[in-house]
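What follows is a short report on a single structure.
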Amino acid sequence: MTIFLVVMLYWYIVYLYRSEKKGEKDYEKLGKIALDDELDSTPVNTSDPLPTDNKEQNK
Amino acid sequence: MQSNAALEYDYSVAKLYTYTAILFGFVGMLIGTLIAAQLAFPELNYLFGEYGTFSRLRPLHTNVVIYGFTVSGVFATFYYSAQRVLKVSMAESKFIMFVGKLQFALYLIAATAMVVTELMGITQSKEYAQMEWPLDLLIVVIWVLWGVAMFGLIGIRREKALYISMWYFIACFLGVAMLYLFNNMAIPTYFTSGNLGSVMHSVSMYSGTNDALVQWWWGHNAVAFVFTVPIVAMIYYFLPKESGQAVYSYKLSLLSFWGLMFVYLWAGSHHLLWSTVPDWMQTMGSVFSVVLILPSWGSAINMLLTMKGEWNQLTENPLIKFMVLASTFYMLSTLEGPIQAIKSVNAIAHFTDWIPGHVHDGVLGWVAFMIMAGLFHMAPRMFKREIYSKKLIEAQFWIQTTAVVLYFTSMWIAGITQGMMWRAVDEYGNLMYSFIDTVTVLHPYYAIRALAGVLYVTGFAMFAYNMIKTMTSSRELSEEPQFRSPMA
């Protein structure tokens, strides 16, 4: 159980960093949700894949 | 979903829970102070006949501060922050608004019934689960309604990404739902015994060691999913918003979240070390408790690093002071708990006053500080008035910080003294001290704890006064503050 959890933990860390490096996700942008939380402000919405142009910028 | 033109966030349910958080917080802490004084001065047990005895008031204290104050604070901050991080107003759905208000009405009935029944001595006699079966059923309904409101808001959200606070609120909902149901499985005896005895009475479906295991699976995870998870949800929203600084590392917040979810549920058996529970299970409880330091400190350090480059705010803004100290007490408490869960340390610590000392540096320093800071942050936005007095918050901060320090230091000394005296043997292997010897030695520390209670409840009264004045007579604001809460 402990070994399984340790493997899962490291896999998740690698997953987080790799998905950001590949441009599939931008987790740090999600931190802005708390700051820019007006009803009429533009959603950050980066749980979806980044638009193609953003992906190219991140490469 | 309607157009969001001229639409505003609707705080009517958040306001209702803010009122109950203030009321139950004061009542619960006042009872706590009285029972602390009773331990130092036993004649205080006879103030109100049977209703004023320690045995009647102690479960009332824990239940009122947990289910009255803390849960009100959780619901108030949820109905406030969930709308904002999901970018959807409660006013956009009449159904969700109805569910929120119905939930509050039932909550108020349940909380009042809890106080009355426990004062009358009607109890299941299970720690943090004293409420009898009719109230348990009502609580299930209240919890389901919260889930309907929560997932209803998520369903109509504009912000597709769920902010980390929402994950923690969801975990609170699911964790408590599962654990509460299992632990409160009971048979109402009136209906199974040919209508004998009280309708309120029930017997647990578990017995002996199994009962203890299920009880502490719940008991410890009540700490996890009521005192930790929703409070982490609060700090992840309120500290960044009040300081204007985004979370230091969002990835670390995700990692800490999943770490906490995987590890916390396995640690409950540390409450049963040196008991009849299988040895492997005790060891598992110890090991997972120590591992628990990592995700807990992950969140706490993430919060402290959020203030990187902005530490000046600590001196300028008392709400930041409350939140940073809350995070620090979270670190202290989540280090102290695993130390107590090590079997050799537990041999001294178990059943001593070090345990309530540990609990209270968590609940007074972490939980209550964070709830009060959250409610202070919400007040100018909900009531459109500035906070009544900054000086009062500053004074409250120092009075309550002194109280927490006095509480846990006196209980550390008392607990370790107690544990050592219980174990002390002479050269022939006979116990050196009787129980009353420890009571005599501990008296000054009990008196210090009672003083700490007086200081803390005084600070809470200052908080309540400041909040009431903010609601009623503070200067009106023309527009909503973006980050730092305005205060006179």
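The chains in the structure tokens are called A, B, ... from first to last as shown; in each chain the residues are counted from 1, and the ligands are counted from 1 in the order shown.
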Near chain B, 8 Å: chain A residue rows, closest pairs, only C-alpha atoms, as a Markdown table:
| residue | atom | partner | partner_atom | distance |
| --- | --- | --- | --- | --- |
| A:Leu5 | CA | B:Phe262 | CA | 8.0 |
| A:Leu9 | CA | B:Gly259 | CA | 7.5 |
| A:Tyr12 | CA | B:Leu255 | CA | 7.5 |
| A:Ile13 | CA | B:Leu255 | CA | 7.2 |
| A:Leu16 | CA | B:Lys251 | CA | 6.9 |
| A:Tyr27 | CA | B:Tyr250 | CA | 6.1 |
| A:Glu28 | CA | B:Tyr250 | CA | 5.2 |
| A:Leu30 | CA | B:Tyr163 | CA | 6.7 |
| A:Gly31 | CA | B:Ala246 | CA | 5.2 |
| A:Lys32 | CA | B:Ala246 | CA | 5.8 |
| A:Ile33 | CA | B:Val85 | CA | 6.0 |
| A:Ala34 | CA | B:Tyr237 | CA | 5.8 |
| A:Leu35 | CA | B:Lys241 | CA | 5.3 |
| A:Asp37 | CA | B:Arg84 | CA | 5.2 |
| A:Glu38 | CA | B:Arg84 | CA | 6.6 |
| A:Leu39 | CA | B:Lys87 | CA | 5.0 |
| A:Asp40 | CA | B:Asn4 | CA | 7.1 |
| A:Pro43 | CA | B:Glu159 | CA | 4.9 |
| A:Val44 | CA | B:Glu159 | CA | 6.7 |
| A:Asn45 | CA | B:Ala161 | CA | 5.0 |
| A:Thr46 | CA | B:Ala161 | CA | 6.2 |
| A:Ser47 | CA | B:Ala161 | CA | 4.9 |
| A:Asp48 | CA | B:Ala161 | CA | 7.8 |
Which residues come within 12 Å of Leu314 (chain B), counting only C-alpha atoms, excluding same-chain residues fewer than 2 positions away, as a list in words?
->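 Near Leu314 (chain B), the qualifying residues are Leu239, Glu242, Ser243, Leu304, Met307, Lys308, Gly309, Glu310, Trp311, Asn312, Glu316, Asn317, Pro318, Leu319, Ile320, Lys321, Phe322, Met323, Val324, Leu325, Glu394 and Arg484 of chain B.
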Atoms to include: N, CA and C atoms. Write the selected residues as a short mmCIF file (atom, residue, chain, number, x, y, z; two decimals), in the first residue's frame.
data_model
loop_
_atom_site.label_atom_id
_atom_site.label_comp_id
_atom_site.auth_asym_id
_atom_site.auth_seq_id
_atom_site.Cartn_x
_atom_site.Cartn_y
_atom_site.Cartn_z
N LEU B 239 -7.01 34.02 1.74
CA LEU B 239 -5.67 34.63 1.83
C LEU B 239 -5.24 35.25 0.49
N GLU B 242 -7.58 38.42 -0.08
CA GLU B 242 -7.33 39.55 0.82
C GLU B 242 -5.98 40.19 0.53
N SER B 243 -4.98 39.36 0.15
CA SER B 243 -3.63 39.89 -0.06
C SER B 243 -3.42 40.36 -1.50
N LEU B 304 2.03 30.23 3.21
CA LEU B 304 3.04 31.19 3.68
C LEU B 304 3.81 31.77 2.50
N MET B 307 2.56 34.74 0.49
CA MET B 307 2.85 36.09 0.99
C MET B 307 4.26 36.56 0.60
N LYS B 308 4.96 35.74 -0.19
CA LYS B 308 6.34 36.08 -0.58
C LYS B 308 6.40 37.48 -1.23
N GLY B 309 7.30 38.30 -0.73
CA GLY B 309 7.45 39.65 -1.27
C GLY B 309 6.38 40.62 -0.78
N GLU B 310 5.44 40.13 0.01
CA GLU B 310 4.33 40.98 0.48
C GLU B 310 4.19 40.90 2.00
N TRP B 311 5.30 40.59 2.67
CA TRP B 311 5.21 40.39 4.12
C TRP B 311 4.88 41.68 4.86
N ASN B 312 5.03 42.81 4.19
CA ASN B 312 4.64 44.08 4.82
C ASN B 312 3.16 44.08 5.19
N GLU B 316 0.44 45.53 8.25
CA GLU B 316 -0.55 46.55 7.88
C GLU B 316 -1.99 46.05 7.96
N ASN B 317 -2.19 44.76 7.74
CA ASN B 317 -3.55 44.24 7.63
C ASN B 317 -3.78 43.13 8.68
N PRO B 318 -4.62 43.41 9.69
CA PRO B 318 -4.82 42.40 10.75
C PRO B 318 -5.46 41.10 10.24
N LEU B 319 -6.20 41.16 9.14
CA LEU B 319 -6.80 39.93 8.63
C LEU B 319 -5.72 38.99 8.08
N ILE B 320 -4.69 39.58 7.45
CA ILE B 320 -3.56 38.77 6.98
C ILE B 320 -2.86 38.15 8.18
N LYS B 321 -2.77 38.94 9.25
CA LYS B 321 -2.14 38.45 10.48
C LYS B 321 -2.88 37.21 11.00
N PHE B 322 -4.20 37.29 11.05
CA PHE B 322 -5.02 36.15 11.49
C PHE B 322 -4.77 34.93 10.61
N MET B 323 -4.73 35.15 9.29
CA MET B 323 -4.64 34.01 8.37
C MET B 323 -3.24 33.39 8.38
N VAL B 324 -2.22 34.23 8.47
CA VAL B 324 -0.85 33.70 8.51
C VAL B 324 -0.63 32.93 9.82
N LEU B 325 -1.16 33.47 10.93
CA LEU B 325 -1.01 32.74 12.19
C LEU B 325 -1.83 31.44 12.16
N GLU B 394 -7.08 44.29 16.02
CA GLU B 394 -5.70 44.14 16.50
C GLU B 394 -5.68 43.66 17.96
N ARG B 484 -7.86 44.14 -0.40
CA ARG B 484 -7.80 44.43 1.04
C ARG B 484 -9.13 44.94 1.57
#
10 Å contact set for Pro134 (chain B), only C-alpha atoms, chain neighbours under 6 positions out, as a PDB file with N, CA and C atoms, in the first residue's frame:
ATOM      1  N   ALA B 110     -32.206  21.705  13.708  1.00  0.00           N
ATOM      2  CA  ALA B 110     -31.344  20.614  14.197  1.00  0.00           C
ATOM      3  C   ALA B 110     -30.386  21.107  15.275  1.00  0.00           C
ATOM      4  N   ALA B 113     -32.307  21.732  18.452  1.00  0.00           N
ATOM      5  CA  ALA B 113     -32.672  20.433  19.057  1.00  0.00           C
ATOM      6  C   ALA B 113     -31.449  19.756  19.662  1.00  0.00           C
ATOM      7  N   PRO B 188     -33.131   2.081  16.760  1.00  0.00           N
ATOM      8  CA  PRO B 188     -33.976   2.721  17.779  1.00  0.00           C
ATOM      9  C   PRO B 188     -34.698   1.642  18.586  1.00  0.00           C
ATOM     10  N   VAL B 199     -38.452   6.870  23.040  1.00  0.00           N
ATOM     11  CA  VAL B 199     -38.418   6.872  21.569  1.00  0.00           C
ATOM     12  C   VAL B 199     -37.038   7.329  21.084  1.00  0.00           C
ATOM     13  N   MET B 200     -36.406   8.186  21.869  1.00  0.00           N
ATOM     14  CA  MET B 200     -35.125   8.772  21.446  1.00  0.00           C
ATOM     15  C   MET B 200     -33.957   7.792  21.543  1.00  0.00           C
ATOM     16  N   HIS B 201     -34.126   6.729  22.345  1.00  0.00           N
ATOM     17  CA  HIS B 201     -32.974   5.871  22.625  1.00  0.00           C
ATOM     18  C   HIS B 201     -32.634   4.933  21.466  1.00  0.00           C
ATOM     19  N   SER B 202     -31.335   4.712  21.265  1.00  0.00           N
ATOM     20  CA  SER B 202     -30.916   3.768  20.222  1.00  0.00           C
ATOM     21  C   SER B 202     -29.665   3.022  20.674  1.00  0.00           C
TER      22      SER B 202
END
Interatomic distance between CA of Leu16 (chain B) and CA of Val229 (chain B)?
->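 Atom-to-atom, CA of Leu16 (chain B) to CA of Val229 (chain B), that is 22.1 Å.
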